[in-house]
$ cat input.csv   # CSV, C-alpha atoms and all ligand atoms
chain,number,residue,atom,x,y,z
V,1,MET,CA,87.8,115.3,42.7
V,2,ILE,CA,88.6,114.5,46.3
V,3,GLY,CA,86.0,112.8,48.3
V,4,LEU,CA,85.8,111.5,51.8
V,5,GLY,CA,82.8,109.1,52.3
V,6,ASP,CA,81.5,108.4,55.8
V,7,ILE,CA,85.0,108.3,57.4
V,8,GLU,CA,85.2,106.8,60.8
V,9,LYS,CA,88.5,106.8,62.7
V,10,ARG,CA,88.9,105.1,66.0
V,11,PHE,CA,91.9,105.2,68.4
V,12,GLY,CA,91.1,102.4,70.9
V,13,ASP,CA,87.9,103.4,72.5
V,14,ASN,CA,88.0,106.9,71.2
V,15,LEU,CA,85.9,107.4,68.1
V,16,VAL,CA,87.6,110.5,66.7
V,17,LEU,CA,85.9,110.9,63.4
V,18,LYS,CA,82.2,109.9,63.4
V,19,GLY,CA,81.2,109.5,59.8
V,20,VAL,CA,82.7,112.5,58.0
V,21,SER,CA,81.9,113.1,54.4
V,22,VAL,CA,83.5,115.9,52.5
V,23,ALA,CA,83.7,116.7,48.8
V,24,ILE,CA,86.5,118.9,47.5
V,25,ALA,CA,86.4,120.4,44.0
V,26,GLU,CA,89.5,120.6,41.9
V,27,GLY,CA,91.2,124.0,42.2
V,28,SER,CA,89.3,124.9,45.4
V,29,VAL,CA,90.7,125.8,48.8
V,30,THR,CA,88.9,124.3,51.8
V,31,ALA,CA,89.6,125.4,55.3
V,32,LEU,CA,89.0,122.9,58.1
V,33,VAL,CA,88.1,124.8,61.2
V,34,GLY,CA,86.9,123.9,64.7
V,35,PRO,CA,88.0,123.5,68.3
V,36,SER,CA,91.2,121.8,69.3
V,37,GLY,CA,90.8,118.0,69.5
V,38,GLY,CA,87.9,118.1,67.0
V,39,GLY,CA,89.7,115.8,64.5
V,40,LYS,CA,91.1,118.2,62.0
V,41,SER,CA,94.6,116.8,61.9
V,42,THR,CA,93.2,113.2,62.0
V,43,LEU,CA,91.0,114.0,59.0
V,44,LEU,CA,94.0,115.5,57.0
V,45,ARG,CA,96.0,112.4,57.9
V,46,CYS,CA,93.2,110.2,56.7
V,47,ILE,CA,93.3,112.0,53.3
V,48,ASN,CA,97.0,111.1,52.8
V,49,LEU,CA,96.6,107.8,54.6
V,50,LEU,CA,99.2,108.6,57.3
V,51,GLU,CA,96.3,107.3,59.4
V,52,LEU,CA,94.1,104.6,57.9
V,53,PRO,CA,90.4,105.2,58.4
V,54,THR,CA,88.6,102.6,60.5
V,55,SER,CA,85.9,102.6,57.8
V,56,GLY,CA,84.8,104.8,54.9
V,57,THR,CA,86.2,105.7,51.5
V,58,VAL,CA,88.9,108.0,50.3
V,59,ARG,CA,88.9,109.2,46.7
V,60,ILE,CA,91.5,111.2,45.0
V,61,GLY,CA,90.8,111.8,41.3
V,62,GLU,CA,89.8,108.5,39.8
V,63,ASP,CA,91.4,106.5,42.6
V,64,THR,CA,89.2,105.3,45.4
V,65,LEU,CA,90.0,103.1,48.4
V,66,ALA,CA,87.5,101.6,50.8
V,67,PHE,CA,88.3,100.8,54.4
V,68,GLY,CA,86.5,98.7,57.0
V,69,PRO,CA,85.4,95.2,57.6
V,70,GLY,CA,85.7,93.1,54.5
V,71,HIS,CA,88.1,95.5,52.8
V,72,LYS,CA,91.7,94.6,52.5
V,73,VAL,CA,93.9,97.5,51.3
V,74,ALA,CA,97.3,96.8,49.9
V,75,THR,CA,100.3,98.8,50.9
V,76,ARG,CA,101.1,99.7,47.2
V,77,ASP,CA,97.5,101.1,46.9
V,78,ILE,CA,98.1,103.3,50.0
V,79,GLN,CA,101.4,104.5,48.6
V,80,ARG,CA,99.9,105.3,45.2
V,81,LEU,CA,97.1,107.4,46.8
V,82,ARG,CA,99.5,109.1,49.2
V,83,ARG,CA,101.7,110.2,46.3
V,84,GLN,CA,98.8,112.2,45.0
V,85,THR,CA,99.1,114.4,48.1
V,86,GLY,CA,101.6,116.8,49.6
V,87,MET,CA,101.6,117.7,53.3
V,88,VAL,CA,102.7,120.8,55.1
V,89,PHE,CA,103.0,120.6,58.9
V,90,GLN,CA,102.7,123.1,61.6
V,91,ASN,CA,106.4,122.7,62.6
V,92,PHE,CA,107.8,122.5,59.0
V,93,GLN,CA,109.6,119.2,59.5
V,94,LEU,CA,112.4,119.9,57.0
V,95,PHE,CA,115.2,117.4,56.9
V,96,PRO,CA,117.8,119.2,59.1
V,97,HIS,CA,120.9,117.7,57.3
V,98,ARG,CA,119.7,118.7,53.8
V,99,THR,CA,119.9,122.2,52.4
V,100,ALA,CA,116.7,123.9,51.2
V,101,VAL,CA,117.1,122.8,47.6
V,102,GLU,CA,118.0,119.2,48.7
V,103,ASN,CA,114.8,119.1,50.8
V,104,VAL,CA,112.8,120.0,47.8
V,105,MET,CA,114.6,117.5,45.5
V,106,GLU,CA,114.4,114.6,48.0
V,107,SER,CA,111.1,113.0,46.8
V,108,LEU,CA,112.0,113.5,43.2
V,109,THR,CA,115.3,111.7,43.4
V,110,VAL,CA,114.5,109.1,46.0
V,111,VAL,CA,110.9,108.2,45.3
V,112,LEU,CA,110.5,109.1,41.6
V,113,LYS,CA,114.1,108.3,40.7
V,114,TRP,CA,114.6,111.5,38.7
V,115,PRO,CA,118.2,112.3,37.7
V,116,GLN,CA,119.9,115.0,40.0
V,117,ALA,CA,120.0,117.7,37.4
V,118,ARG,CA,116.4,117.5,36.5
V,119,ALA,CA,115.3,117.3,40.1
V,120,ARG,CA,117.5,120.4,41.0
V,121,GLU,CA,115.9,122.3,38.1
V,122,ARG,CA,112.4,121.6,39.3
V,123,ALA,CA,113.3,122.3,42.9
V,124,MET,CA,114.8,125.7,42.0
V,125,SER,CA,111.7,126.7,40.0
V,126,LEU,CA,109.6,125.8,43.1
V,127,LEU,CA,111.9,127.7,45.4
V,128,GLU,CA,111.5,130.6,43.0
V,129,LYS,CA,107.8,130.4,43.3
V,130,VAL,CA,107.8,130.6,47.1
V,131,GLY,CA,110.5,133.4,47.1
V,132,MET,CA,113.3,131.2,48.5
V,133,ALA,CA,115.6,130.7,45.5
V,134,HIS,CA,118.2,133.0,47.1
V,135,LYS,CA,118.4,130.5,50.1
V,136,ALA,CA,118.7,127.3,48.0
V,137,ASP,CA,121.9,126.3,49.7
V,138,ALA,CA,121.0,127.3,53.2
V,139,TRP,CA,120.6,124.8,56.1
V,140,PRO,CA,117.1,124.8,57.6
V,141,ALA,CA,118.4,125.8,61.0
V,142,THR,CA,119.7,129.1,59.6
V,143,LEU,CA,116.3,130.1,58.1
V,144,SER,CA,113.4,131.9,59.9
V,145,GLY,CA,110.2,129.9,60.6
V,146,GLY,CA,108.5,131.6,57.7
V,147,GLN,CA,111.3,130.8,55.3
V,148,GLN,CA,111.4,127.2,56.5
V,149,GLN,CA,107.6,126.9,56.0
V,150,ARG,CA,108.0,128.3,52.4
V,151,VAL,CA,110.7,125.7,51.7
V,152,ALA,CA,108.3,123.0,53.2
V,153,ILE,CA,105.6,124.2,50.8
V,154,ALA,CA,107.9,123.9,47.8
V,155,ARG,CA,108.9,120.4,49.0
V,156,ALA,CA,105.3,119.3,49.3
V,157,LEU,CA,104.6,120.5,45.7
V,158,ALA,CA,107.7,118.9,44.2
V,159,PRO,CA,106.0,115.7,43.0
V,160,SER,CA,103.0,117.6,41.6
V,161,PRO,CA,100.4,116.3,44.0
V,162,LYS,CA,96.7,116.6,43.2
V,163,VAL,CA,96.1,118.2,46.6
V,164,LEU,CA,98.2,120.2,49.0
V,165,LEU,CA,97.2,119.4,52.7
V,166,CYS,CA,98.3,122.0,55.3
V,167,ASP,CA,98.0,121.3,59.0
V,168,GLU,CA,98.0,124.7,60.9
V,169,PRO,CA,100.7,126.1,58.5
V,170,THR,CA,100.9,129.4,60.2
V,171,SER,CA,100.3,128.4,63.9
V,172,ALA,CA,104.0,128.2,64.9
V,173,LEU,CA,104.8,131.7,63.4
V,174,ASP,CA,104.8,135.2,64.6
V,175,PRO,CA,102.2,137.4,62.7
V,176,GLU,CA,104.8,138.9,60.4
V,177,LEU,CA,106.3,135.6,59.4
V,178,ALA,CA,102.8,134.1,59.2
V,179,GLN,CA,102.0,136.7,56.6
V,180,GLU,CA,104.8,135.5,54.3
V,181,VAL,CA,103.2,132.1,54.4
V,182,VAL,CA,99.7,133.4,53.9
V,183,ASP,CA,100.9,135.3,50.8
V,184,VAL,CA,102.6,132.2,49.3
V,185,LEU,CA,99.5,130.0,49.9
V,186,GLY,CA,97.3,132.8,48.5
V,187,LYS,CA,99.4,132.9,45.3
V,188,LEU,CA,99.2,129.1,45.0
V,189,ALA,CA,95.4,129.3,45.5
V,190,SER,CA,95.0,131.9,42.8
V,191,GLU,CA,97.0,129.6,40.4
V,192,GLY,CA,94.4,126.9,41.0
V,193,THR,CA,96.2,124.6,43.5
V,194,THR,CA,93.7,122.4,45.3
V,195,MET,CA,94.2,122.8,49.0
V,196,VAL,CA,92.8,121.5,52.2
V,197,MET,CA,94.0,123.3,55.3
V,198,ALA,CA,93.3,123.0,59.0
V,199,THR,CA,93.7,126.4,60.6
V,200,HIS,CA,92.9,128.6,63.5
V,201,ASP,CA,94.1,131.6,61.5
V,202,LEU,CA,91.0,133.5,60.4
V,203,ARG,CA,93.1,135.8,58.3
V,204,LEU,CA,94.5,132.8,56.4
V,205,ALA,CA,91.1,131.1,56.1
V,206,SER,CA,89.1,134.1,55.1
V,207,LYS,CA,91.8,135.3,52.6
V,208,ILE,CA,92.2,132.2,50.6
V,209,ALA,CA,89.6,129.6,51.4
V,210,ARG,CA,86.5,129.3,49.3
V,211,GLU,CA,84.9,126.5,51.3
V,212,VAL,CA,84.8,126.0,55.0
V,213,VAL,CA,84.2,122.8,56.9
V,214,PHE,CA,83.5,123.2,60.6
V,215,LEU,CA,84.4,120.1,62.5
V,216,ASP,CA,83.6,119.6,66.1
V,217,ALA,CA,84.0,116.4,68.1
V,218,GLY,CA,84.5,114.3,65.0
V,219,VAL,CA,81.3,115.6,63.3
V,220,VAL,CA,80.9,118.0,60.4
V,221,VAL,CA,78.6,120.6,62.0
V,222,GLU,CA,78.4,123.1,59.1
V,223,THR,CA,79.8,123.6,55.6
V,224,GLY,CA,79.5,126.4,53.2
V,225,THR,CA,81.4,129.2,51.5
V,226,ALA,CA,83.9,131.2,53.7
V,227,GLU,CA,81.5,134.1,53.5
V,228,GLN,CA,78.5,132.1,54.7
V,229,VAL,CA,80.3,130.2,57.6
V,230,PHE,CA,82.4,133.1,58.8
V,231,GLY,CA,79.9,135.9,58.1
V,232,ASN,CA,76.6,134.3,58.8
V,233,PRO,CA,77.0,130.9,60.6
V,234,GLN,CA,73.7,129.0,60.9
V,235,ARG,CA,74.4,126.6,63.7
V,236,GLU,CA,74.7,127.7,67.3
V,237,ARG,CA,77.9,125.7,67.8
V,238,THR,CA,79.5,127.4,64.8
V,239,LYS,CA,78.5,130.9,65.9
V,240,ARG,CA,80.1,130.4,69.3
V,241,PHE,CA,83.3,129.1,67.8
V,242,ILE,CA,83.6,131.8,65.2
V,243,ALA,CA,83.1,134.4,67.9
V,244,THR,CA,86.2,133.0,69.8
V,245,LEU,CA,88.4,133.6,66.7
V,246,ARG,CA,87.7,137.3,66.3
A,1,LIG,P1,92.6,118.7,66.0
A,1,LIG,O1,93.6,118.6,65.0
A,1,LIG,O2,91.3,119.1,65.5
A,1,LIG,O3,93.1,119.4,67.2
A,1,LIG,P2,93.2,115.8,66.3
A,1,LIG,O4,92.8,115.2,65.0
A,1,LIG,O5,94.6,116.1,66.6
A,1,LIG,O6,92.3,117.2,66.5
A,1,LIG,O7,92.7,115.0,67.5
A,1,LIG,C1,91.4,114.5,67.7
A,1,LIG,C2,91.3,113.4,68.8
A,1,LIG,O8,92.1,112.3,68.3
A,1,LIG,C3,92.0,113.9,70.1
A,1,LIG,O9,91.1,113.4,71.1
A,1,LIG,C4,93.3,113.2,70.1
A,1,LIG,O10,93.7,112.9,71.4
A,1,LIG,C5,93.0,111.9,69.3
A,1,LIG,N1,94.2,111.4,68.6
A,1,LIG,C6,94.8,112.0,67.5
A,1,LIG,N2,95.8,111.2,67.1
A,1,LIG,C7,95.9,110.1,67.9
A,1,LIG,C8,96.7,109.0,68.0
A,1,LIG,N3,97.7,108.8,67.1
A,1,LIG,N4,96.5,108.1,69.0
A,1,LIG,C9,95.5,108.2,69.8
A,1,LIG,N5,94.6,109.3,69.8
A,1,LIG,C10,94.8,110.2,68.9
A,2,MG,MG,95.5,119.5,64.8
$ encode --input "input.csv" --output "structure tokens"
Amino acid sequence: MIGLGDIEKRFGDNLVLKGVSVAIAEGSVTALVGPSGGGKSTLLRCINLLELPTSGTVRIGEDTLAFGPGHKVATRDIQRLRRQTGMVFQNFQLFPHRTAVENVMESLTVVLKWPQARARERAMSLLEKVGMAHKADAWPATLSGGQQQRVAIARALAPSPKVLLCDEPTSALDPELAQEVVDVLGKLASEGTTMVMATHDLRLASKIAREVVFLDAGVVVETGTAEQVFGNPQRERTKRFIATLR
């Protein structure tokens, strides 16, 4: 349902992704793990085309775009694919001058041109789902990090994306607040939300991820179920990395 085919991403002389292929099944949760600088964020940004791959293919559902020499990709094709994705960032990135509910409504009213009342209704039901309905009218700065991240998750889900992309969603949070976010993501996972998340958080990854992709220096070193990769890694590089997380 989501496929990355032989993705290369180059920043100047730095080849950051060296031919990465990943298949993600509908309704599955995939954790992207690996050392810092290995290319996890870049890979997520190539799925939602915040970064354009230097070469390779990105498929979301029936929609495939090919990049590289000889391929010209139109902006509207990029926007169409990007709209199939929702992104959650390490540092929440809520709009500071919008209330919680307005943050969630924004893409519905601005991009999808929904009427206010309908957008507010959907935003409230999403805030309910993440346990934040009681803070609908709060400003982001008055919320805890865990609450801000839960609003950010509701915002990412508002336009009903085919995949939720999360980049280190718990890394900026104290353990207790991280747990709130793990619980919300776990609930979404159990409801069948397709997710790809970069994370160092073994608790998060082992609780909700079914598949694990271990990425090191721009190469997929190992993939498998969470049980296999965390419990019984096959490659030496993976073993060493998993040991550092415990
Ligand atoms: P990770 O998320 O696994 O820590 P990143 O994807 O952030 O890794 O980074 C992988 C490599 O790509 C790093 O060497 C980083 O410096 C480089 N990189 C990431 N984004 C950019 C950018 N916009 N411009 C130049 N280099 C970048
Ligand atoms: Mg990163």
$ residues_near_point --input "input.csv" --point "(114.4, 115.9, 37.1)" --cutoff "12 Å" --atoms "only C-alpha atoms" --output "PDB file with C-alpha atoms, keeping the file's coordinate frame"
ATOM      1  CA  VAL V 104     112.800 120.000  47.800  1.00  0.00           C
ATOM      2  CA  MET V 105     114.600 117.500  45.500  1.00  0.00           C
ATOM      3  CA  GLU V 106     114.400 114.600  48.000  1.00  0.00           C
ATOM      4  CA  SER V 107     111.100 113.000  46.800  1.00  0.00           C
ATOM      5  CA  LEU V 108     112.000 113.500  43.200  1.00  0.00           C
ATOM      6  CA  THR V 109     115.300 111.700  43.400  1.00  0.00           C
ATOM      7  CA  VAL V 110     114.500 109.100  46.000  1.00  0.00           C
ATOM      8  CA  VAL V 111     110.900 108.200  45.300  1.00  0.00           C
ATOM      9  CA  LEU V 112     110.500 109.100  41.600  1.00  0.00           C
ATOM     10  CA  LYS V 113     114.100 108.300  40.700  1.00  0.00           C
ATOM     11  CA  TRP V 114     114.600 111.500  38.700  1.00  0.00           C
ATOM     12  CA  PRO V 115     118.200 112.300  37.700  1.00  0.00           C
ATOM     13  CA  GLN V 116     119.900 115.000  40.000  1.00  0.00           C
ATOM     14  CA  ALA V 117     120.000 117.700  37.400  1.00  0.00           C
ATOM     15  CA  ARG V 118     116.400 117.500  36.500  1.00  0.00           C
ATOM     16  CA  ALA V 119     115.300 117.300  40.100  1.00  0.00           C
ATOM     17  CA  ARG V 120     117.500 120.400  41.000  1.00  0.00           C
ATOM     18  CA  GLU V 121     115.900 122.300  38.100  1.00  0.00           C
ATOM     19  CA  ARG V 122     112.400 121.600  39.300  1.00  0.00           C
ATOM     20  CA  ALA V 123     113.300 122.300  42.900  1.00  0.00           C
ATOM     21  CA  MET V 124     114.800 125.700  42.000  1.00  0.00           C
ATOM     22  CA  SER V 125     111.700 126.700  40.000  1.00  0.00           C
ATOM     23  CA  ALA V 158     107.700 118.900  44.200  1.00  0.00           C
ATOM     24  CA  PRO V 159     106.000 115.700  43.000  1.00  0.00           C
TER      25      PRO V 159
END
$ residues_near_point --input "input.csv" --point "(74.0, 107.7, 63.0)" --cutoff "12 Å" --atoms "only C-alpha atoms" --output "PDB file with C-alpha atoms, in the frame of the given file"
ATOM      1  CA  ASP V   6      81.500 108.400  55.800  1.00  0.00           C
ATOM      2  CA  GLU V   8      85.200 106.800  60.800  1.00  0.00           C
ATOM      3  CA  LYS V  18      82.200 109.900  63.400  1.00  0.00           C
ATOM      4  CA  GLY V  19      81.200 109.500  59.800  1.00  0.00           C
ATOM      5  CA  VAL V  20      82.700 112.500  58.000  1.00  0.00           C
ATOM      6  CA  VAL V 219      81.300 115.600  63.300  1.00  0.00           C
TER       7      VAL V 219
END
$ closest_residue --input "input.csv" --among "V:Ile2, V:Val33, V:Leu157, V:Ala243" --to "Ser21 of chain V" --atoms "all atoms listed in the file"
V:Ile2
$ closest_residue --input "input.csv" --among "V:Ala198, V:Val130, V:Val181, V:Ala226" --to "ligand LIG 1 (chain A)" --atoms "all atoms listed in the file"
V:Ala198
$ closest_atom_pairs --input "input.csv" --of "chain V" --to "ligand LIG 1 (chain A)" --cutoff "12 Å" --atoms "all atoms listed in the file" --output "JSON lines"
{"residue": "V:Glu8", "atom": "CA", "partner": "A:LIG1", "partner_atom": "O8", "distance": 11.6}
{"residue": "V:Lys9", "atom": "CA", "partner": "A:LIG1", "partner_atom": "O8", "distance": 8.6}
{"residue": "V:Arg10", "atom": "CA", "partner": "A:LIG1", "partner_atom": "N5", "distance": 8.0}
{"residue": "V:Phe11", "atom": "CA", "partner": "A:LIG1", "partner_atom": "C9", "distance": 4.9}
{"residue": "V:Gly12", "atom": "CA", "partner": "A:LIG1", "partner_atom": "C9", "distance": 7.4}
{"residue": "V:Asp13", "atom": "CA", "partner": "A:LIG1", "partner_atom": "N5", "distance": 9.3}
{"residue": "V:Asn14", "atom": "CA", "partner": "A:LIG1", "partner_atom": "N5", "distance": 7.2}
{"residue": "V:Leu15", "atom": "CA", "partner": "A:LIG1", "partner_atom": "O8", "distance": 7.9}
{"residue": "V:Val16", "atom": "CA", "partner": "A:LIG1", "partner_atom": "O8", "distance": 5.1}
{"residue": "V:Leu17", "atom": "CA", "partner": "A:LIG1", "partner_atom": "C1", "distance": 7.9}
{"residue": "V:Lys18", "atom": "CA", "partner": "A:LIG1", "partner_atom": "C2", "distance": 11.1}
{"residue": "V:Leu32", "atom": "CA", "partner": "A:LIG1", "partner_atom": "O2", "distance": 8.6}
{"residue": "V:Val33", "atom": "CA", "partner": "A:LIG1", "partner_atom": "O2", "distance": 7.8}
{"residue": "V:Gly34", "atom": "CA", "partner": "A:LIG1", "partner_atom": "O2", "distance": 6.6}
{"residue": "V:Pro35", "atom": "CA", "partner": "A:LIG1", "partner_atom": "O2", "distance": 6.2}
{"residue": "V:Ser36", "atom": "CA", "partner": "A:LIG1", "partner_atom": "O3", "distance": 3.7}
{"residue": "V:Gly37", "atom": "CA", "partner": "A:LIG1", "partner_atom": "O6", "distance": 3.4}
{"residue": "V:Gly38", "atom": "CA", "partner": "A:LIG1", "partner_atom": "O2", "distance": 3.8}
{"residue": "V:Gly39", "atom": "CA", "partner": "A:LIG1", "partner_atom": "O4", "distance": 3.2}
{"residue": "V:Lys40", "atom": "CA", "partner": "A:LIG1", "partner_atom": "O2", "distance": 3.6}
{"residue": "V:Ser41", "atom": "CA", "partner": "A:LIG1", "partner_atom": "O1", "distance": 3.7}
{"residue": "V:Thr42", "atom": "CA", "partner": "A:LIG1", "partner_atom": "O4", "distance": 3.6}
{"residue": "V:Leu43", "atom": "CA", "partner": "A:LIG1", "partner_atom": "O4", "distance": 6.4}
{"residue": "V:Leu44", "atom": "CA", "partner": "A:LIG1", "partner_atom": "O4", "distance": 8.1}
{"residue": "V:Arg45", "atom": "CA", "partner": "A:LIG1", "partner_atom": "O4", "distance": 8.3}
{"residue": "V:Cys46", "atom": "CA", "partner": "A:LIG1", "partner_atom": "O4", "distance": 9.7}
{"residue": "V:Leu50", "atom": "CA", "partner": "A:LIG1", "partner_atom": "N3", "distance": 9.9}
{"residue": "V:Glu51", "atom": "CA", "partner": "A:LIG1", "partner_atom": "N3", "distance": 8.0}
{"residue": "V:Leu52", "atom": "CA", "partner": "A:LIG1", "partner_atom": "N3", "distance": 10.7}
{"residue": "V:Pro53", "atom": "CA", "partner": "A:LIG1", "partner_atom": "N2", "distance": 11.9}
{"residue": "V:Phe89", "atom": "CA", "partner": "A:LIG1", "partner_atom": "O1", "distance": 11.4}
{"residue": "V:Gln90", "atom": "CA", "partner": "A:LIG1", "partner_atom": "O1", "distance": 10.7}
{"residue": "V:Cys166", "atom": "CA", "partner": "A:LIG1", "partner_atom": "O1", "distance": 11.3}
{"residue": "V:Asp167", "atom": "CA", "partner": "A:LIG1", "partner_atom": "O1", "distance": 7.9}
{"residue": "V:Glu168", "atom": "CA", "partner": "A:LIG1", "partner_atom": "O1", "distance": 8.6}
{"residue": "V:Ser171", "atom": "CA", "partner": "A:LIG1", "partner_atom": "O1", "distance": 11.9}
{"residue": "V:Met197", "atom": "CA", "partner": "A:LIG1", "partner_atom": "O1", "distance": 10.8}
{"residue": "V:Ala198", "atom": "CA", "partner": "A:LIG1", "partner_atom": "O1", "distance": 7.4}
{"residue": "V:Thr199", "atom": "CA", "partner": "A:LIG1", "partner_atom": "O1", "distance": 9.0}
{"residue": "V:His200", "atom": "CA", "partner": "A:LIG1", "partner_atom": "O2", "distance": 9.8}
{"residue": "V:Val213", "atom": "CA", "partner": "A:LIG1", "partner_atom": "O2", "distance": 11.7}
{"residue": "V:Phe214", "atom": "CA", "partner": "A:LIG1", "partner_atom": "O2", "distance": 10.1}
{"residue": "V:Leu215", "atom": "CA", "partner": "A:LIG1", "partner_atom": "O2", "distance": 7.6}
{"residue": "V:Asp216", "atom": "CA", "partner": "A:LIG1", "partner_atom": "O2", "distance": 7.7}
{"residue": "V:Ala217", "atom": "CA", "partner": "A:LIG1", "partner_atom": "C1", "distance": 7.7}
{"residue": "V:Gly218", "atom": "CA", "partner": "A:LIG1", "partner_atom": "C1", "distance": 7.4}
{"residue": "V:Val219", "atom": "CA", "partner": "A:LIG1", "partner_atom": "O2", "distance": 10.8}
{"residue": "V:Val220", "atom": "CA", "partner": "A:LIG1", "partner_atom": "O2", "distance": 11.6}
$ atom_distance --input "input.csv" --atom1 "atom CA of Ala136 of chain V" --atom2 "atom CA of Val101 of chain V"
4.8 Å
$ closest_residue --input "input.csv" --among "V:Arg76, V:Ser206, V:Ile7, V:Leu177" --to "Gly56 of chain V" --atoms "only C-alpha atoms"
V:Ile7
$ residues_around --input "input.csv" --residues "Val182 of chain V" --least-positions-apart "6" --cutoff "9 Å" --atoms "all atoms listed in the file" --output "MDAnalysis selection string"
chainID V and resid 169:170 203:204 207:208
$ closest_residue --input "input.csv" --among "V:Asn91, V:Thr193, V:Lys187, V:Gln179" --to "ligand MG 2 (chain A)" --atoms "all atoms listed in the file"
V:Asn91
$ atom_distance --input "input.csv" --atom1 "atom CA of Ser160 of chain V" --atom2 "atom CA of Leu126 of chain V"
10.6 Å
$ closest_residue --input "input.csv" --among "V:Gly27, V:Gly5, V:Gly224, V:Pro96" --to "Gly68 of chain V" --atoms "all atoms listed in the file"
V:Gly5
$ atom_distance --input "input.csv" --atom1 "atom CA of Arg155 of chain V" --atom2 "atom CA of Asn103 of chain V"
6.3 Å
$ closest_residue --input "input.csv" --among "V:Thr99, V:Thr85, V:Thr75, V:Ser190" --to "Ala156 of chain V" --atoms "all atoms listed in the file"
V:Thr85
